[in-house]
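This is upload_21.txt (compact mmCIF, C-alpha atoms).
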```
# COMPACT_ATOMS: atom_id res chain seq x y z
CA MET A 123 -20.26 -11.18 -71.87
CA GLN A 124 -21.78 -14.65 -72.08
CA PRO A 125 -23.05 -16.10 -68.76
CA GLU A 126 -20.88 -19.22 -69.22
CA LEU A 127 -17.74 -17.09 -69.32
CA ILE A 128 -18.72 -15.10 -66.25
CA SER A 129 -19.42 -18.22 -64.18
CA THR A 130 -16.18 -19.85 -65.36
CA GLN A 131 -14.19 -16.78 -64.35
CA ARG A 132 -15.84 -16.64 -60.93
CA ARG A 133 -15.16 -20.33 -60.34
CA GLY A 134 -11.56 -19.73 -61.42
CA ARG A 135 -11.17 -17.12 -58.70
CA ARG A 136 -12.81 -19.41 -56.15
CA ILE A 137 -10.37 -22.22 -56.82
CA ALA A 138 -7.26 -20.05 -57.13
CA LEU A 139 -4.47 -20.65 -54.66
CA SER A 140 -3.57 -17.93 -52.19
CA ALA A 141 -0.07 -16.42 -52.42
CA GLU A 142 0.97 -18.61 -49.48
CA GLU A 143 -0.46 -21.73 -51.16
CA VAL A 144 1.37 -20.88 -54.40
CA ASP A 145 4.63 -20.54 -52.48
CA THR A 146 4.02 -23.83 -50.65
CA LEU A 147 3.25 -25.75 -53.84
CA LEU A 148 6.29 -24.34 -55.66
CA THR A 149 8.48 -25.15 -52.67
CA GLU A 150 7.18 -28.69 -52.16
CA GLN A 151 7.00 -30.02 -55.72
CA ARG A 152 10.14 -31.21 -57.50
CA THR A 153 9.41 -31.11 -61.23
CA CYS A 154 8.15 -28.40 -63.51
CA ARG A 155 7.26 -28.45 -67.20
CA VAL A 156 8.74 -25.63 -69.26
CA ALA A 157 7.07 -24.59 -72.51
CA THR A 158 9.13 -22.65 -75.05
CA LEU A 159 8.72 -21.73 -78.71
CA THR A 160 10.94 -23.40 -81.30
CA ALA A 161 12.43 -21.53 -84.26
CA SER A 162 9.51 -22.73 -86.40
CA GLY A 163 7.04 -21.33 -83.85
CA GLY A 164 5.94 -24.70 -82.53
CA PRO A 165 5.87 -25.59 -78.84
CA HIS A 166 8.61 -27.46 -77.00
CA VAL A 167 7.81 -28.76 -73.52
CA SER A 168 10.36 -30.32 -71.19
CA PRO A 169 10.23 -31.52 -67.58
CA LEU A 170 12.96 -30.22 -65.27
CA TRP A 171 13.94 -29.95 -61.68
CA TYR A 172 13.87 -26.39 -60.43
CA ALA A 173 14.45 -24.17 -57.42
CA TRP A 174 11.92 -21.62 -56.15
CA ASP A 175 13.30 -18.79 -54.02
CA GLY A 176 9.98 -17.13 -53.21
CA THR A 177 10.10 -14.66 -56.09
CA ALA A 178 11.81 -16.44 -58.99
CA LEU A 179 11.95 -19.89 -60.52
CA TRP A 180 15.49 -21.11 -61.31
CA LEU A 181 16.44 -23.77 -63.86
CA TYR A 182 19.85 -25.42 -64.12
CA SER A 183 19.68 -26.17 -67.85
CA ILE A 184 22.00 -27.87 -70.29
CA VAL A 185 23.27 -25.07 -72.51
CA ARG A 186 23.25 -27.22 -75.65
CA SER A 187 19.58 -28.11 -75.31
CA GLN A 188 16.56 -27.23 -77.42
CA ARG A 189 15.17 -25.35 -74.41
CA TRP A 190 18.29 -23.19 -74.06
CA ALA A 191 18.34 -22.36 -77.79
CA ASP A 192 14.64 -21.52 -77.70
CA LEU A 193 14.99 -19.22 -74.68
CA LEU A 194 18.01 -17.38 -76.08
CA ARG A 195 16.08 -16.66 -79.26
CA ASP A 196 12.78 -15.84 -77.50
CA PRO A 197 12.90 -15.67 -73.69
CA ARG A 198 9.12 -15.87 -73.28
CA ALA A 199 7.97 -19.08 -71.64
CA ALA A 200 5.34 -20.71 -69.49
CA VAL A 201 6.05 -23.10 -66.64
CA VAL A 202 3.57 -25.43 -64.94
CA VAL A 203 4.02 -27.07 -61.56
CA ASP A 204 1.16 -29.28 -60.44
CA ALA A 205 0.17 -32.07 -58.07
CA GLY A 206 -2.67 -34.50 -57.50
CA ASP A 207 -3.86 -37.71 -59.11
CA ASP A 208 -7.64 -37.60 -59.16
CA PHE A 209 -9.59 -34.70 -60.66
CA GLY A 210 -10.75 -33.53 -57.24
CA GLU A 211 -7.14 -33.40 -55.98
CA LEU A 212 -5.58 -31.48 -58.86
CA ARG A 213 -3.82 -28.24 -57.98
CA GLY A 214 -1.17 -26.28 -59.77
CA VAL A 215 0.51 -23.06 -60.76
CA GLU A 216 1.31 -21.64 -64.18
CA LEU A 217 4.05 -19.00 -64.30
CA ARG A 218 4.53 -16.85 -67.40
CA GLY A 219 7.32 -14.47 -68.17
CA ARG A 220 10.80 -14.21 -69.62
CA PHE A 221 13.78 -16.33 -68.69
CA GLU A 222 17.19 -14.73 -68.44
CA PRO A 223 20.60 -16.41 -68.11
CA VAL A 224 22.34 -15.58 -64.83
CA GLY A 225 26.05 -16.12 -64.24
CA PRO A 226 28.62 -17.75 -66.50
CA VAL A 227 27.51 -19.89 -69.43
CA PRO A 228 28.32 -22.68 -68.90
CA ARG A 229 28.72 -22.76 -65.10
CA THR A 230 31.94 -24.48 -64.06
CA GLY A 231 31.77 -23.65 -60.36
CA GLN A 232 35.39 -22.47 -60.37
CA GLU A 233 34.48 -18.90 -59.50
CA GLU A 234 32.16 -17.55 -56.83
CA GLN A 235 28.92 -16.09 -58.10
CA PRO A 236 27.11 -14.27 -55.26
CA GLU A 237 23.90 -13.93 -57.32
CA LEU A 238 23.80 -17.74 -57.64
CA ALA A 239 24.45 -18.58 -53.98
CA ALA A 240 20.77 -18.83 -53.02
CA PRO A 241 19.51 -20.87 -56.00
CA GLU A 242 22.52 -23.21 -55.81
CA ARG A 243 21.96 -23.75 -52.08
CA LEU A 244 18.25 -24.47 -52.68
CA PHE A 245 18.94 -26.76 -55.63
CA ALA A 246 21.68 -28.72 -53.84
CA ALA A 247 19.54 -29.14 -50.72
CA ARG A 248 16.65 -30.41 -52.79
CA TYR A 249 18.39 -32.65 -55.31
CA GLY A 250 21.95 -33.06 -54.07
CA GLY A 251 21.66 -35.12 -50.93
CA GLY A 252 20.03 -32.84 -48.35
CA PRO A 253 20.89 -29.54 -46.68
CA GLY A 254 24.62 -30.34 -46.62
CA GLY A 255 24.61 -31.38 -50.28
CA SER A 256 26.85 -29.63 -52.72
CA MET A 257 26.03 -28.21 -56.12
CA TYR A 258 27.38 -30.25 -59.02
CA HIS A 259 29.01 -28.25 -61.83
CA ASP A 260 29.88 -30.15 -64.98
CA GLY A 261 30.55 -27.28 -67.37
CA ARG A 262 27.48 -28.24 -69.42
CA HIS A 263 24.78 -26.43 -67.45
CA ALA A 264 23.97 -22.81 -66.65
CA TRP A 265 21.31 -20.95 -64.72
CA LEU A 266 18.10 -19.47 -66.06
CA ARG A 267 15.84 -17.27 -63.93
CA LEU A 268 12.16 -16.54 -64.43
CA VAL A 269 10.58 -13.75 -62.42
CA PRO A 270 6.94 -14.32 -63.38
CA ASP A 271 4.89 -11.59 -65.04
CA LYS A 272 1.72 -13.60 -64.59
CA VAL A 273 0.71 -16.33 -62.15
CA ALA A 274 -2.40 -18.47 -62.59
CA SER A 275 -3.34 -21.19 -60.14
CA TRP A 276 -6.03 -23.74 -59.39
CA ASP A 277 -6.99 -26.12 -56.62
CA HIS A 278 -9.79 -28.56 -57.44
CA ARG A 279 -10.03 -29.44 -53.75
CA LYS A 280 -11.83 -26.10 -53.40
CA LEU A 281 -14.54 -27.08 -55.91
CA THR A 282 -18.03 -27.65 -54.63
CA PHE A 283 -20.28 -29.85 -56.73
```

Using structure tokens, write down the structure that the file contains.
Amino acid sequence: MQPELISTQRRGRRIALSAEEVDTLLTEQRTCRVATLTASGGPHVSPLWYAWDGTALWLYSIVRSQRWADLLRDPRAAVVVDAGDDFGELRGVELRGRFEPVGPVPRTGQEEQPELAAPERLFAARYGGGPGGSMYHDGRHAWLRLVPDKVASWDHRKLTF
């Protein structure tokens, strides 16, 4: 192996976030970027709000979107959540895996869905007016869940120059 690759890998481990730091970042940030593959094989990236429950990332996606069509055809995706403005402040997490629809498509909210109780509570608290906020169902959205197969992270605040 080339020395440059070895030193890069070691630095990557040094600046990786701990499991607790990953959880904190995913809980605190509000927007993720989801990368999917289009039918032609090209990338499609879209920013979205999300909910993190400690083990899975949940998206409330429009079912007639490019993202939804891409994920139904090929559920593999990558998601990035990051923070920081200056290079020395940058930190983030990349999650890779397969998205799966959960619950009715589209979600109307007319029926109880126990498996959606936690993500809907988290999403409503975060984006729907606080802890007492209610989940908005318009019959155009449905839930996608990603339990990551791979997690990569970085925190430039840990770099030493």

Exercise. For Val167 of chain A, which residue among A:Arg267, A:Arg155, A:Arg186, A:Arg248 is the nearest when counting all atoms listed in the file?
Worked result: A:Arg155

Produce a table with one row for each residue of segment 139-209 of chain A that has an atom at most 10 Å from any atom of segment 214-221 of chain A, each row naming the nearest atom pair and its distance in Å at one decimal; use only C-alpha atoms; arrange rows by chain and rising residue number; format as CSV.
```
residue,atom,partner,partner_atom,distance
A:Leu139,CA,A:Val215,CA,8.2
A:Glu143,CA,A:Val215,CA,9.7
A:Val144,CA,A:Val215,CA,6.8
A:Asp145,CA,A:Val215,CA,9.6
A:Leu147,CA,A:Gly214,CA,7.4
A:Leu148,CA,A:Val215,CA,7.8
A:Gln151,CA,A:Gly214,CA,9.9
A:Cys154,CA,A:Glu216,CA,9.6
A:Arg155,CA,A:Glu216,CA,9.5
A:Val156,CA,A:Leu217,CA,9.5
A:Ala157,CA,A:Arg218,CA,9.6
A:Ala178,CA,A:Leu217,CA,9.7
A:Leu179,CA,A:Leu217,CA,8.8
A:Trp180,CA,A:Phe221,CA,9.0
A:Leu181,CA,A:Phe221,CA,9.3
A:Trp190,CA,A:Phe221,CA,9.8
A:Leu193,CA,A:Phe221,CA,6.8
A:Leu194,CA,A:Phe221,CA,8.6
A:Asp196,CA,A:Arg220,CA,8.3
A:Pro197,CA,A:Arg220,CA,4.8
A:Arg198,CA,A:Arg220,CA,4.4
A:Ala199,CA,A:Gly219,CA,5.8
A:Ala200,CA,A:Arg218,CA,4.5
A:Val201,CA,A:Leu217,CA,5.1
A:Val202,CA,A:Glu216,CA,4.5
A:Val203,CA,A:Val215,CA,5.4
A:Asp204,CA,A:Gly214,CA,3.9
A:Ala205,CA,A:Gly214,CA,6.2
A:Gly206,CA,A:Gly214,CA,8.7
```

Could you dump the residues just selected with C-alpha atoms as a JSON list (two decimals), in the coordinates of the input?
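out22.json written:
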```json
[["chain", "number", "residue", "atom", "x", "y", "z"],
["A", 139, "LEU", "CA", -4.47, -20.65, -54.66],
["A", 143, "GLU", "CA", -0.46, -21.73, -51.16],
["A", 144, "VAL", "CA", 1.37, -20.88, -54.40],
["A", 145, "ASP", "CA", 4.63, -20.54, -52.48],
["A", 147, "LEU", "CA", 3.25, -25.75, -53.84],
["A", 148, "LEU", "CA", 6.29, -24.34, -55.66],
["A", 151, "GLN", "CA", 7.00, -30.02, -55.72],
["A", 154, "CYS", "CA", 8.15, -28.40, -63.51],
["A", 155, "ARG", "CA", 7.26, -28.45, -67.20],
["A", 156, "VAL", "CA", 8.74, -25.63, -69.26],
["A", 157, "ALA", "CA", 7.07, -24.59, -72.51],
["A", 178, "ALA", "CA", 11.81, -16.44, -58.99],
["A", 179, "LEU", "CA", 11.95, -19.89, -60.52],
["A", 180, "TRP", "CA", 15.49, -21.11, -61.31],
["A", 181, "LEU", "CA", 16.44, -23.77, -63.86],
["A", 190, "TRP", "CA", 18.29, -23.19, -74.06],
["A", 193, "LEU", "CA", 14.99, -19.22, -74.68],
["A", 194, "LEU", "CA", 18.01, -17.38, -76.08],
["A", 196, "ASP", "CA", 12.78, -15.84, -77.50],
["A", 197, "PRO", "CA", 12.90, -15.67, -73.69],
["A", 198, "ARG", "CA", 9.12, -15.87, -73.28],
["A", 199, "ALA", "CA", 7.97, -19.08, -71.64],
["A", 200, "ALA", "CA", 5.34, -20.71, -69.49],
["A", 201, "VAL", "CA", 6.05, -23.10, -66.64],
["A", 202, "VAL", "CA", 3.57, -25.43, -64.94],
["A", 203, "VAL", "CA", 4.02, -27.07, -61.56],
["A", 204, "ASP", "CA", 1.16, -29.28, -60.44],
["A", 205, "ALA", "CA", 0.17, -32.07, -58.07],
["A", 206, "GLY", "CA", -2.67, -34.50, -57.50]]
```

Problem set entry | Selected residue, from A:Glu237, A:Thr177, A:Leu244, A:Gly164, that lies nearest to Pro270 of chain A when counting all atoms listed in the file | A:Thr177

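The gap separating atom CA of Phe245 of chain A from atom CA of Arg262 of chain A is 16.3 Å, in Å to one decimal.
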
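Counting only C-alpha atoms, the residue from A:Thr153, A:Thr158, A:Thr146, A:Ser140 that sits nearest to Tyr249 of chain A is A:Thr153.
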
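Distances here use all atoms listed in the file; by that measure, the residue among A:Ala161, A:Val273, A:Ile184, A:Leu281 closest to His259 of chain A is A:Ile184.
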
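In this structure, atom CA of His263 of chain A sits 15.4 Å away from atom CA of Pro169 of chain A.
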
Problem set entry | Sphere at (24.6, -26.1, -53.1), radius 9 Å, counting all atoms listed in the file: residues as an NGL selection string | :A and (239-247 or 250 or 253-258)

From the coordinates supplied, segment 192-211 of chain A should be written with N, CA and C atoms, as a short mmCIF file (atom, residue, chain, number, x, y, z; two decimals), in the first residue's frame.
```cif
data_model
loop_
_atom_site.label_atom_id
_atom_site.label_comp_id
_atom_site.auth_asym_id
_atom_site.auth_seq_id
_atom_site.Cartn_x
_atom_site.Cartn_y
_atom_site.Cartn_z
N ASP A 192 -36.83 6.67 -7.95
CA ASP A 192 -35.48 6.09 -7.93
C ASP A 192 -35.37 4.99 -6.87
N LEU A 193 -35.87 5.26 -5.67
CA LEU A 193 -35.71 4.31 -4.57
C LEU A 193 -36.59 3.08 -4.72
N LEU A 194 -37.72 3.20 -5.40
CA LEU A 194 -38.53 2.01 -5.66
C LEU A 194 -37.82 1.10 -6.68
N ARG A 195 -37.17 1.70 -7.64
CA ARG A 195 -36.46 0.93 -8.65
C ARG A 195 -35.17 0.34 -8.09
N ASP A 196 -34.42 1.14 -7.31
CA ASP A 196 -33.15 0.72 -6.73
C ASP A 196 -33.06 1.36 -5.35
N PRO A 197 -33.29 0.60 -4.29
CA PRO A 197 -33.36 1.18 -2.96
C PRO A 197 -32.03 1.63 -2.36
N ARG A 198 -30.93 1.36 -3.06
CA ARG A 198 -29.62 1.78 -2.54
C ARG A 198 -29.49 3.30 -2.60
N ALA A 199 -28.94 3.86 -1.52
CA ALA A 199 -28.79 5.31 -1.46
C ALA A 199 -27.70 5.67 -0.47
N ALA A 200 -27.28 6.92 -0.57
CA ALA A 200 -26.37 7.51 0.41
C ALA A 200 -27.01 8.79 0.90
N VAL A 201 -26.81 9.07 2.18
CA VAL A 201 -27.36 10.27 2.80
C VAL A 201 -26.22 10.97 3.54
N VAL A 202 -26.13 12.28 3.38
CA VAL A 202 -25.13 13.06 4.11
C VAL A 202 -25.84 14.08 4.98
N VAL A 203 -25.39 14.17 6.22
CA VAL A 203 -25.80 15.21 7.16
C VAL A 203 -24.51 15.85 7.64
N ASP A 204 -24.41 17.16 7.50
CA ASP A 204 -23.17 17.81 7.91
C ASP A 204 -23.45 19.17 8.54
N ALA A 205 -22.39 19.74 9.11
CA ALA A 205 -22.48 21.04 9.78
C ALA A 205 -21.12 21.71 9.71
N GLY A 206 -21.12 23.01 9.94
CA GLY A 206 -19.88 23.77 9.96
C GLY A 206 -19.79 24.68 8.75
N ASP A 207 -19.09 25.80 8.92
CA ASP A 207 -18.92 26.76 7.84
C ASP A 207 -17.48 26.79 7.34
N ASP A 208 -16.55 26.95 8.24
CA ASP A 208 -15.14 26.98 7.86
C ASP A 208 -14.59 25.57 7.82
N PHE A 209 -13.50 25.38 7.06
CA PHE A 209 -12.91 24.05 6.90
C PHE A 209 -12.64 23.39 8.25
N GLY A 210 -12.10 24.13 9.18
CA GLY A 210 -11.75 23.58 10.49
C GLY A 210 -12.95 23.25 11.36
N GLU A 211 -14.14 23.63 10.93
CA GLU A 211 -15.37 23.35 11.70
C GLU A 211 -16.20 22.23 11.10
#
```
